[in-house]
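Quick look at run_5.txt (compact mmCIF, C-alpha atoms):
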# COMPACT_ATOMS: atom_id res chain seq x y z
CA MET M 8 -8.01 -31.42 -92.95
CA GLN M 9 -10.66 -31.82 -90.28
CA SER M 10 -8.07 -33.52 -88.08
CA GLY M 11 -5.41 -31.01 -89.14
CA ARG M 12 -6.78 -28.33 -86.91
CA LYS M 13 -7.29 -30.51 -83.90
CA PHE M 14 -4.09 -32.55 -84.28
CA PRO M 15 -1.38 -30.33 -85.70
CA TYR M 16 1.23 -32.91 -84.65
CA GLY M 17 -0.46 -35.88 -86.34
CA LYS M 18 -0.25 -39.02 -84.26
CA LEU M 19 2.99 -38.00 -82.59
CA ILE M 20 2.65 -37.74 -78.86
CA PHE M 21 5.17 -36.59 -76.26
CA PHE M 22 5.99 -38.67 -73.19
CA VAL M 23 7.15 -36.37 -70.41
CA THR M 24 9.77 -38.30 -68.47
CA GLY M 25 13.41 -38.26 -67.58
CA ASN M 26 13.45 -42.06 -67.25
CA ILE M 27 14.75 -43.79 -70.38
CA HIS M 28 13.54 -47.20 -69.16
CA LYS M 29 9.97 -45.97 -68.86
CA PHE M 30 10.23 -44.39 -72.26
CA ASN M 31 11.54 -47.55 -73.92
CA GLU M 32 8.75 -49.64 -72.40
CA ALA M 33 6.18 -47.13 -73.61
CA ARG M 34 7.65 -46.75 -77.11
CA ARG M 35 7.18 -50.47 -77.90
CA ILE M 36 3.61 -50.67 -76.70
CA LEU M 37 2.52 -47.49 -78.42
CA ALA M 38 4.26 -48.55 -81.63
CA GLU M 39 2.19 -51.76 -81.61
CA HIS M 40 -0.84 -49.51 -81.64
CA GLY M 41 0.49 -47.26 -84.38
CA VAL M 42 1.23 -44.33 -82.07
CA SER M 43 4.59 -42.58 -82.33
CA VAL M 44 6.03 -41.17 -79.14
CA ALA M 45 8.90 -38.80 -78.44
CA MET M 46 10.64 -38.40 -75.11
CA LEU M 47 10.29 -34.92 -73.65
CA LYS M 48 12.26 -33.80 -70.64
CA VAL M 49 10.43 -31.00 -68.88
CA LYS M 50 10.72 -30.16 -65.22
CA THR M 51 7.22 -30.87 -63.94
CA VAL M 52 5.81 -30.23 -60.50
CA GLU M 53 4.89 -33.42 -58.67
CA ILE M 54 2.44 -32.95 -55.85
CA GLN M 55 2.28 -35.06 -52.70
CA ASP M 56 -0.86 -37.12 -52.80
CA ASN M 57 -1.85 -40.62 -51.79
CA GLU M 58 -3.30 -41.20 -55.27
CA ILE M 59 -0.85 -41.52 -58.15
CA GLU M 60 -3.71 -40.54 -60.50
CA ASN M 61 -3.81 -37.08 -58.94
CA ILE M 62 -0.04 -36.71 -59.08
CA ALA M 63 0.04 -37.59 -62.79
CA LYS M 64 -2.93 -35.32 -63.61
CA MET M 65 -1.32 -32.29 -61.99
CA SER M 66 2.01 -33.00 -63.68
CA ALA M 67 0.34 -33.36 -67.07
CA LEU M 68 -1.60 -30.12 -66.68
CA ASN M 69 1.56 -28.30 -65.65
CA ALA M 70 3.54 -29.76 -68.54
CA VAL M 71 0.92 -28.79 -71.15
CA ARG M 72 0.90 -25.25 -69.81
CA GLU M 73 4.68 -25.23 -70.21
CA VAL M 74 5.10 -26.75 -73.68
CA ASN M 75 1.66 -26.55 -75.36
CA LEU M 76 1.90 -30.03 -76.91
CA PRO M 77 -0.23 -33.17 -76.70
CA LEU M 78 1.49 -35.33 -74.12
CA ILE M 79 1.33 -38.15 -71.62
CA VAL M 80 2.73 -38.35 -68.12
CA GLU M 81 3.04 -41.56 -66.17
CA ASP M 82 3.25 -42.03 -62.44
CA ALA M 83 3.63 -45.40 -60.78
CA GLY M 84 3.97 -46.85 -57.33
CA LEU M 85 4.59 -50.12 -55.53
CA PHE M 86 1.95 -50.73 -52.86
CA ILE M 87 2.92 -53.38 -50.29
CA GLU M 88 -0.03 -54.72 -48.33
CA ALA M 89 1.76 -55.53 -45.06
CA LEU M 90 3.30 -52.02 -45.05
CA ASN M 91 -0.05 -50.22 -45.42
CA GLY M 92 0.66 -49.39 -49.03
CA PHE M 93 4.21 -48.10 -48.46
CA PRO M 94 6.16 -46.96 -50.49
CA GLY M 95 3.18 -46.14 -52.75
CA PRO M 96 3.31 -42.71 -54.42
CA PHE M 97 6.80 -42.10 -53.02
CA SER M 98 8.37 -45.21 -54.53
CA SER M 99 11.12 -43.45 -56.42
CA TYR M 100 12.24 -41.44 -53.37
CA VAL M 101 12.19 -44.59 -51.25
CA TYR M 102 14.15 -46.46 -53.91
CA ARG M 103 16.80 -43.71 -53.90
CA THR M 104 17.14 -43.69 -50.11
CA ILE M 105 16.54 -47.07 -48.43
CA GLY M 106 16.48 -49.03 -51.71
CA LEU M 107 15.69 -52.69 -52.31
CA SER M 108 17.50 -53.74 -49.16
CA GLY M 109 15.39 -51.38 -47.04
CA ILE M 110 12.16 -52.87 -48.38
CA LEU M 111 13.45 -56.41 -47.81
CA LYS M 112 14.48 -55.50 -44.27
CA LEU M 113 11.02 -54.10 -43.54
CA LEU M 114 9.50 -57.38 -44.74
CA ASP M 115 11.97 -59.56 -42.86
CA GLY M 116 9.92 -62.17 -40.99
CA VAL M 117 6.66 -60.88 -42.49
CA GLU M 118 4.56 -63.65 -44.00
CA ASN M 119 2.27 -61.52 -46.17
CA ARG M 120 4.39 -60.40 -49.10
CA ARG M 121 1.52 -59.40 -51.38
CA ALA M 122 2.13 -56.25 -53.38
CA GLN M 123 0.68 -54.32 -56.25
CA PHE M 124 2.36 -52.21 -58.89
CA LYS M 125 0.04 -49.48 -60.11
CA SER M 126 0.51 -47.10 -63.04
CA ALA M 127 -1.45 -44.02 -64.01
CA VAL M 128 -0.99 -42.71 -67.55
CA VAL M 129 -2.49 -39.28 -68.05
CA PHE M 130 -3.06 -37.76 -71.46
CA CYS M 131 -3.44 -33.99 -71.75
CA ASP M 132 -3.42 -31.68 -74.74
CA PRO M 133 -3.59 -27.93 -75.34
CA SER M 134 -7.34 -28.15 -76.00
CA GLY M 135 -7.83 -29.16 -72.36
CA GLU M 136 -8.57 -32.84 -72.98
CA LEU M 137 -7.52 -34.77 -69.85
CA ARG M 138 -7.78 -38.55 -69.50
CA CYS M 139 -6.39 -40.97 -66.97
CA PHE M 140 -5.73 -44.69 -67.58
CA VAL M 141 -4.81 -47.04 -64.77
CA GLY M 142 -2.98 -50.34 -65.01
CA ILE M 143 -2.34 -52.81 -62.22
CA SER M 144 -0.01 -55.74 -61.75
CA ASN M 145 -0.55 -57.95 -58.70
CA GLY M 146 2.27 -60.00 -57.30
CA ARG M 147 4.56 -60.51 -54.34
CA ILE M 148 7.87 -59.26 -53.01
CA ALA M 149 10.71 -61.70 -53.56
CA GLU M 150 12.98 -62.79 -50.70
CA LYS M 151 16.05 -61.44 -52.53
CA PRO M 152 16.63 -59.18 -55.55
CA ARG M 153 16.92 -61.15 -58.80
CA GLY M 154 17.77 -59.85 -62.26
CA THR M 155 19.15 -56.58 -63.55
CA SER M 156 16.63 -55.59 -66.24
CA GLY M 157 14.12 -52.80 -65.80
CA PHE M 158 14.54 -50.28 -63.01
CA GLY M 159 13.41 -49.38 -59.51
CA PHE M 160 11.81 -52.20 -57.58
CA ASP M 161 11.66 -54.56 -60.60
CA PRO M 162 14.25 -57.02 -59.15
CA ILE M 163 12.06 -57.74 -56.10
CA PHE M 164 8.62 -57.92 -57.75
CA GLU M 165 7.21 -61.27 -58.93
CA PRO M 166 4.00 -60.80 -60.96
CA GLU M 167 1.35 -63.40 -60.19
CA GLU M 168 1.09 -64.50 -63.83
CA GLN M 169 4.78 -65.46 -63.88
CA PRO M 170 5.79 -65.88 -60.23
CA ALA M 171 9.01 -67.75 -61.04
CA LYS M 172 10.53 -64.54 -62.35
CA THR M 173 10.90 -61.00 -61.11
CA PHE M 174 10.41 -58.07 -63.49
CA GLY M 175 14.17 -57.68 -63.20
CA GLU M 176 14.63 -61.08 -64.84
CA MET M 177 12.42 -60.29 -67.84
CA SER M 178 13.10 -58.71 -71.20
CA ILE M 179 11.07 -55.57 -71.97
CA GLU M 180 8.79 -57.71 -74.19
CA GLU M 181 8.06 -60.18 -71.42
CA LYS M 182 7.62 -57.49 -68.75
CA ASN M 183 5.16 -55.72 -71.06
CA LEU M 184 2.92 -58.82 -70.98
CA PHE M 185 2.31 -58.39 -67.26
CA SER M 186 3.28 -54.90 -66.21
CA HIS M 187 1.08 -52.21 -64.73
CA ARG M 188 2.63 -49.62 -67.05
CA ALA M 189 2.00 -51.71 -70.17
CA ARG M 190 -1.62 -52.22 -69.14
CA ALA M 191 -2.22 -48.52 -68.59
CA LEU M 192 -0.47 -47.62 -71.84
CA LYS M 193 -2.54 -50.17 -73.80
CA LYS M 194 -5.75 -48.63 -72.46
CA PHE M 195 -4.47 -45.21 -73.40
CA ALA M 196 -3.39 -46.32 -76.90
CA GLU M 197 -6.79 -47.88 -77.65
CA TRP M 198 -8.58 -44.76 -76.53
CA TYR M 199 -6.14 -42.52 -78.41
CA ARG M 200 -6.64 -44.32 -81.72
CA ASN M 201 -10.35 -43.69 -81.35
CA PHE M 202 -9.77 -40.10 -80.32
CA LEU M 203 -7.62 -39.48 -83.40
CA GLY M 204 -10.12 -41.23 -85.64
CA ALA M 205 -13.04 -39.25 -84.25
CA MET S 24 -2.32 4.49 -39.70
CA GLN S 25 0.79 3.94 -41.84
CA SER S 26 0.71 0.31 -40.76
CA GLY S 27 -3.07 0.15 -41.16
CA ARG S 28 -2.86 -0.20 -44.90
CA LYS S 29 -0.10 -2.74 -44.95
CA PHE S 30 -1.32 -4.77 -41.99
CA PRO S 31 -5.10 -4.73 -41.93
CA TYR S 32 -5.05 -7.68 -39.50
CA GLY S 33 -2.69 -6.08 -37.02
CA LYS S 34 -0.22 -8.55 -35.59
CA LEU S 35 -2.54 -11.50 -36.04
CA ILE S 36 -1.09 -14.13 -38.28
CA PHE S 37 -2.64 -17.35 -39.58
CA PHE S 38 -0.89 -20.71 -39.26
CA VAL S 39 -2.06 -23.00 -42.04
CA THR S 40 -2.09 -26.49 -40.59
CA GLY S 41 -4.42 -29.32 -39.71
CA ASN S 42 -2.08 -30.49 -36.95
CA ILE S 43 -3.14 -29.22 -33.53
CA HIS S 44 0.18 -30.28 -31.95
CA LYS S 45 2.14 -28.14 -34.39
CA PHE S 46 -0.23 -25.27 -33.75
CA ASN S 47 0.11 -25.50 -29.96
CA GLU S 48 3.89 -25.55 -30.18
CA ALA S 49 3.82 -22.50 -32.44
CA ARG S 50 1.28 -20.57 -30.39
CA ARG S 51 3.50 -20.57 -27.30
CA ILE S 52 6.63 -19.46 -29.08
CA LEU S 53 4.93 -16.73 -31.05
CA ALA S 54 3.13 -15.50 -27.93
CA GLU S 55 6.52 -15.07 -26.21
CA HIS S 56 7.37 -12.73 -29.07
CA GLY S 57 4.09 -10.84 -28.91
CA VAL S 58 2.68 -12.38 -32.08
CA SER S 59 -0.89 -13.73 -32.04
CA VAL S 60 -1.60 -16.71 -34.24
CA ALA S 61 -4.82 -18.37 -35.37
CA MET S 62 -5.09 -21.88 -36.75
CA LEU S 63 -6.35 -21.98 -40.32
CA LYS S 64 -7.34 -25.21 -42.01
CA VAL S 65 -7.04 -24.85 -45.75
CA LYS S 66 -6.40 -27.66 -48.18
CA THR S 67 -2.99 -26.75 -49.60
CA VAL S 68 -1.09 -28.43 -52.39
CA GLU S 69 2.11 -30.07 -51.22
CA ILE S 70 4.64 -30.70 -53.93
CA GLN S 71 7.15 -33.56 -53.99
CA ASP S 72 10.59 -32.12 -53.51
CA ASN S 73 13.75 -33.15 -51.71
CA GLU S 74 13.85 -29.74 -49.99
CA ILE S 75 11.22 -29.03 -47.36
CA GLU S 76 11.85 -25.31 -47.95
CA ASN S 77 10.46 -25.63 -51.48
CA ILE S 78 7.46 -27.65 -50.29
CA ALA S 79 6.58 -25.04 -47.66
CA LYS S 80 7.07 -22.13 -50.09
CA MET S 81 4.72 -23.60 -52.68
CA SER S 82 2.12 -24.41 -50.02
CA ALA S 83 2.30 -20.89 -48.62
CA LEU S 84 1.93 -19.28 -52.04
CA ASN S 85 -1.05 -21.51 -52.80
CA ALA S 86 -2.68 -20.77 -49.47
CA VAL S 87 -2.31 -16.99 -49.82
CA ARG S 88 -3.90 -17.17 -53.26
CA GLU S 89 -6.77 -19.07 -51.66
CA VAL S 90 -7.44 -16.98 -48.55
CA ASN S 91 -5.70 -13.63 -49.11
CA LEU S 92 -4.40 -13.40 -45.55
CA PRO S 93 -0.92 -13.05 -44.01
CA LEU S 94 0.05 -16.57 -43.02
CA ILE S 95 2.73 -19.07 -42.20
CA VAL S 96 3.13 -22.66 -43.33
CA GLU S 97 5.51 -25.12 -41.75
CA ASP S 98 6.98 -28.24 -43.23
CA ALA S 99 9.32 -30.54 -41.36
CA GLY S 100 11.19 -33.75 -41.88
CA LEU S 101 13.33 -36.29 -40.06
CA PHE S 102 16.56 -36.96 -41.94
CA ILE S 103 18.35 -40.14 -40.86
CA GLU S 104 21.99 -40.25 -41.89
CA ALA S 105 22.37 -44.02 -42.31
CA LEU S 106 19.21 -44.10 -44.47
CA ASN S 107 20.44 -41.42 -46.89
CA GLY S 108 18.11 -38.85 -45.41
CA PHE S 109 15.01 -41.06 -45.39
CA PRO S 110 12.18 -40.38 -44.52
CA GLY S 111 13.01 -36.67 -45.08
CA PRO S 112 10.29 -34.65 -46.81
CA PHE S 113 7.93 -37.63 -46.72
CA SER S 114 8.06 -38.12 -42.96
CA SER S 115 4.34 -37.87 -42.34
CA TYR S 116 3.49 -40.40 -45.05
CA VAL S 117 6.16 -42.77 -43.74
CA TYR S 118 4.87 -42.30 -40.19
CA ARG S 119 1.35 -43.20 -41.34
CA THR S 120 2.48 -46.33 -43.19
CA ILE S 121 5.52 -48.07 -41.67
CA GLY S 122 5.51 -45.98 -38.49
CA LEU S 123 8.02 -45.90 -35.64
CA SER S 124 8.49 -49.66 -35.78
CA GLY S 125 9.39 -49.50 -39.49
CA ILE S 126 12.10 -46.92 -38.83
CA LEU S 127 13.47 -48.96 -35.92
CA LYS S 128 13.48 -52.09 -38.06
CA LEU S 129 15.42 -50.29 -40.80
CA LEU S 130 18.01 -49.24 -38.19
CA ASP S 131 18.21 -52.67 -36.58
CA GLY S 132 21.90 -53.53 -36.28
CA VAL S 133 22.95 -50.15 -37.71
CA GLU S 134 25.55 -48.41 -35.58
CA ASN S 135 25.15 -44.89 -36.92
CA ARG S 136 21.87 -43.61 -35.50
CA ARG S 137 22.53 -39.90 -36.16
CA ALA S 138 19.49 -37.97 -37.34
CA GLN S 139 18.36 -34.43 -37.89
CA PHE S 140 14.94 -32.88 -37.54
CA LYS S 141 14.56 -29.92 -39.88
CA SER S 142 11.75 -27.38 -40.02
CA ALA S 143 10.99 -24.73 -42.63
CA VAL S 144 8.60 -21.95 -41.64
CA VAL S 145 7.46 -19.87 -44.58
CA PHE S 146 5.74 -16.52 -44.21
CA CYS S 147 3.69 -15.21 -47.10
CA ASP S 148 1.21 -12.36 -47.35
CA PRO S 149 -1.09 -10.91 -49.99
CA SER S 150 1.50 -8.25 -50.88
CA GLY S 151 3.77 -11.03 -52.15
CA GLU S 152 6.26 -10.98 -49.27
CA LEU S 153 7.77 -14.47 -49.01
CA ARG S 154 10.31 -15.48 -46.36
CA CYS S 155 11.67 -18.83 -45.28
CA PHE S 156 13.16 -19.61 -41.86
CA VAL S 157 14.92 -22.89 -41.15
CA GLY S 158 15.47 -24.56 -37.80
CA ILE S 159 17.47 -27.69 -37.09
CA SER S 160 17.70 -30.11 -34.21
CA ASN S 161 20.49 -32.68 -34.27
CA GLY S 162 20.19 -35.90 -32.38
CA ARG S 163 19.90 -39.66 -32.65
CA ILE S 164 17.27 -42.34 -33.09
CA ALA S 165 16.47 -44.17 -29.86
CA GLU S 166 16.52 -47.97 -29.66
CA LYS S 167 12.85 -48.02 -28.65
CA PRO S 168 9.98 -45.48 -28.60
CA ARG S 169 9.78 -43.60 -25.29
CA GLY S 170 7.11 -41.13 -24.19
CA THR S 171 3.72 -40.15 -25.55
CA SER S 172 3.97 -36.37 -25.86
CA GLY S 173 4.30 -34.58 -29.17
CA PHE S 174 3.52 -36.36 -32.39
CA GLY S 175 5.06 -38.22 -35.31
CA PHE S 176 8.60 -39.44 -34.73
CA ASP S 177 8.99 -37.57 -31.40
CA PRO S 178 9.11 -40.79 -29.31
CA ILE S 179 12.23 -42.05 -31.12
CA PHE S 180 14.21 -38.79 -31.40
CA GLU S 181 16.76 -37.85 -28.73
CA PRO S 182 18.07 -34.28 -29.22
CA GLU S 183 21.79 -33.92 -28.60
CA GLU S 184 21.29 -31.20 -25.95
CA GLN S 185 19.19 -33.57 -23.82
CA PRO S 186 20.06 -37.10 -25.00
CA ALA S 187 18.53 -38.80 -21.98
CA LYS S 188 15.05 -37.92 -23.20
CA THR S 189 13.16 -38.26 -26.45
CA PHE S 190 10.93 -35.42 -27.66
CA GLY S 191 8.08 -37.76 -26.72
CA GLU S 192 9.15 -37.57 -23.07
CA MET S 193 9.19 -33.76 -22.97
CA SER S 194 6.55 -31.16 -22.21
CA ILE S 195 5.88 -28.64 -24.96
CA GLU S 196 7.96 -26.11 -23.00
CA GLU S 197 10.96 -28.41 -22.81
CA LYS S 198 10.67 -29.58 -26.43
CA ASN S 199 10.54 -25.94 -27.50
CA LEU S 200 14.01 -25.42 -25.99
CA PHE S 201 15.57 -27.83 -28.47
CA SER S 202 13.19 -28.40 -31.34
CA HIS S 203 13.74 -27.62 -35.00
CA ARG S 204 10.23 -26.10 -35.23
CA ALA S 205 10.78 -23.82 -32.24
CA ARG S 206 14.08 -22.61 -33.71
CA ALA S 207 12.53 -21.82 -37.08
CA LEU S 208 9.56 -20.09 -35.43
CA LYS S 209 11.83 -17.97 -33.24
CA LYS S 210 13.73 -16.78 -36.30
CA PHE S 211 10.44 -15.97 -37.97
CA ALA S 212 9.04 -14.15 -34.93
CA GLU S 213 12.13 -11.96 -34.60
CA TRP S 214 11.99 -11.02 -38.24
CA TYR S 215 8.23 -10.47 -38.10
CA ARG S 216 8.45 -8.05 -35.19
CA ASN S 217 10.88 -6.01 -37.23
CA PHE S 218 8.71 -6.31 -40.34
CA LEU S 219 5.70 -5.01 -38.42
CA GLY S 220 7.70 -2.25 -36.81
CA ALA S 221 9.16 -1.13 -40.12
How does the structure come out when it is put into structure tokens?
Amino acid sequence: MQSGRKFPYGKLIFFVTGNIHKFNEARRILAEHGVSVAMLKVKTVEIQDNEIENIAKMSALNAVREVNLPLIVEDAGLFIEALNGFPGPFSSYVYRTIGLSGILKLLDGVENRRAQFKSAVVFCDPSGELRCFVGISNGRIAEKPRGTSGFGFDPIFEPEEQPAKTFGEMSIEEKNLFSHRARALKKFAEWYRNFLGA
Amino acid sequence: MQSGRKFPYGKLIFFVTGNIHKFNEARRILAEHGVSVAMLKVKTVEIQDNEIENIAKMSALNAVREVNLPLIVEDAGLFIEALNGFPGPFSSYVYRTIGLSGILKLLDGVENRRAQFKSAVVFCDPSGELRCFVGISNGRIAEKPRGTSGFGFDPIFEPEEQPAKTFGEMSIEEKNLFSHRARALKKFAEWYRNFLGA
């Protein structure tokens, strides 16, 4: 009963997203850690900020105010070194407008193709608990898109641990071995198990 | 005295911005309409939204909550047709990262260079009055940057009324004849004179 008051929803947590790919990636990792997750579509406010951590924190706080449930929000970005971090926090807008071909055009003739995928997973609950977990995947931008798995910039990102493949050429299981999002979610899940057990 | 209660600051209005170029453009136009404006640097929250009107409204509401003064906020974006509206609401981030050369590279070999500068001026005051005024300047993206006046993407934007020059080659006075910001500010100033006189 001592956890009944603090955790009226048991171990179930809500992942605020409208992106089914993100949700499916998260569901597997959290399941491995014994955490059940439900997808929750809520219109959240995303602020403009150079730090994805701040964007995710504000979204999580707004979402908790709206739904009064324990939840996580994830924000991610692709940071390309030769482009001063572009598209960074605005990756999904950039994907929707200039797309993969725009990024490849910007890197045409550029030798330095180093890039970093970064994910911030923020947990927030009605009691005001707020935690941020960051995961990073270093890699490079491919010369051409390859593969159709995943979403967003996956087909042009080769993680350094498996440079022969892009994220777009990997199954969810394989991508979860190297991905920024998986790393952030694992950190969250380990903390959350402790938090629940406390 | 009837306006004393409603307008304790007289006709003085505060322009929330950290951009001195924007402020100087605004000061001239508002002065022509008998409105005095002071520059006010406040850290405002900018949301991510495809509509600059929504971004400016949220910023204005936040700023009024912070400082309790009658104020205006302006948000602007460059919408390039062949790039599906990119960089749009994220123009200043895109300017800081890939810059003019990035935009020109994206348009390399692209025939359609049509673009639109759009400005949203939002007035908000402690009484809860909230008004949005939009100004548009149609034009095209130049082949190369020209001129050093103005700021941001001015050196690559040729307005259709004066296609031989970019905004970067114009004085403030000349730019104010054609610019999106000037048009939005004029609409605001006309309304504001009425509002004060009411």
Quick one: which chain S residues come within 7 Å of chain M, and what is the nearest atom pair for each with the distance in Å to one decimal, counting all atoms listed in the file, rows ordered by chain and ascending number, as a tab-separated table?
residue	atom	partner	partner_atom	distance
S:Val68	CA	M:Ile54	CA	6.7
S:Glu69	CA	M:Gln55	CA	5.2
S:Ile70	CA	M:Ile54	CA	3.7
S:Gln71	CA	M:Ile54	CA	5.1
S:Leu106	CA	M:Ile105	CA	5.6
S:Asn107	CA	M:Thr104	CA	5.1
S:Gly108	CA	M:Thr104	CA	6.8
S:Phe109	CA	M:Thr104	CA	5.8
S:Thr120	CA	M:Asn91	CA	5.1
S:Ile121	CA	M:Leu90	CA	5.7
S:Gly125	CA	M:Leu113	CA	6.3
S:Lys128	CA	M:Leu113	CA	6.3
S:Leu129	CA	M:Lys112	CA	6.3
Set up a box along x, y and z of the file covering all listed atoms of range 50-67 of chain M, add 4 Å on every one of the six sides, and write the centre and edge lengths in Å to one decimal, as AutoDock Vina command-line options.
--center_x 3.5 --center_y -35.8 --center_z -59.4 --size_x 22.5 --size_y 19.4 --size_z 23.3
Do a neighbour search on range 87-97 of chain S at 9 Å with all atoms listed in the file, toss out local chain neighbours closer than 2 positions, and write the hits as a VMD selection string. chain S and resid 30 32 35 to 40 45 60 63 65 67 75 to 76 79 to 80 82 to 85 99 142 to 151 204
Point-to-point distance from CA of Ile143 in chain M to CA of Phe185 in chain M, Å rounded to tenths: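 Computing it gives 8.8 Å between the two atoms.
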Length of the CA of Glu184 in chain S to CA of Gly41 in chain S vector [Å]: 29.2 Å
What does the distance between CA of Leu107 in chain M and CA of Arg153 in chain M come to in Å, to one decimal place?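 Distance between the two atoms: 10.7 Å.
Nearest to Pro178 in chain S of all the residues S:Phe190, S:Tyr118, S:Trp214, S:Phe102 is S:Phe190, based on all atoms listed in the file.
Within the 12 Å cut-off around Arg51 in chain S, using only C-alpha atoms and omitting residues fewer than 2 positions from it on the same chain, the listed residues are His44, Lys45, Phe46, Asn47, Glu48, Ala49, Leu53, Ala54, Glu55, His56, Gly57, Val58, Ser59, Val60, Ala61, Ile195, Glu196, Glu197, Lys198, Asn199, Leu200, Arg204, Ala205, Leu208, Lys209 and Ala212 of chain S.
Checking M:Glu165, M:Glu197, M:Glu176, M:Glu118 one by one against Ile148 in chain M, counting all atoms listed in the file, you find the shortest gap at M:Glu165.
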Residues within 9 Å of Glu88 in chain M, all atoms listed in the file, excluding chain neighbours under 5 positions, as an MDAnalysis selection string: chainID M and resid 93 119:123
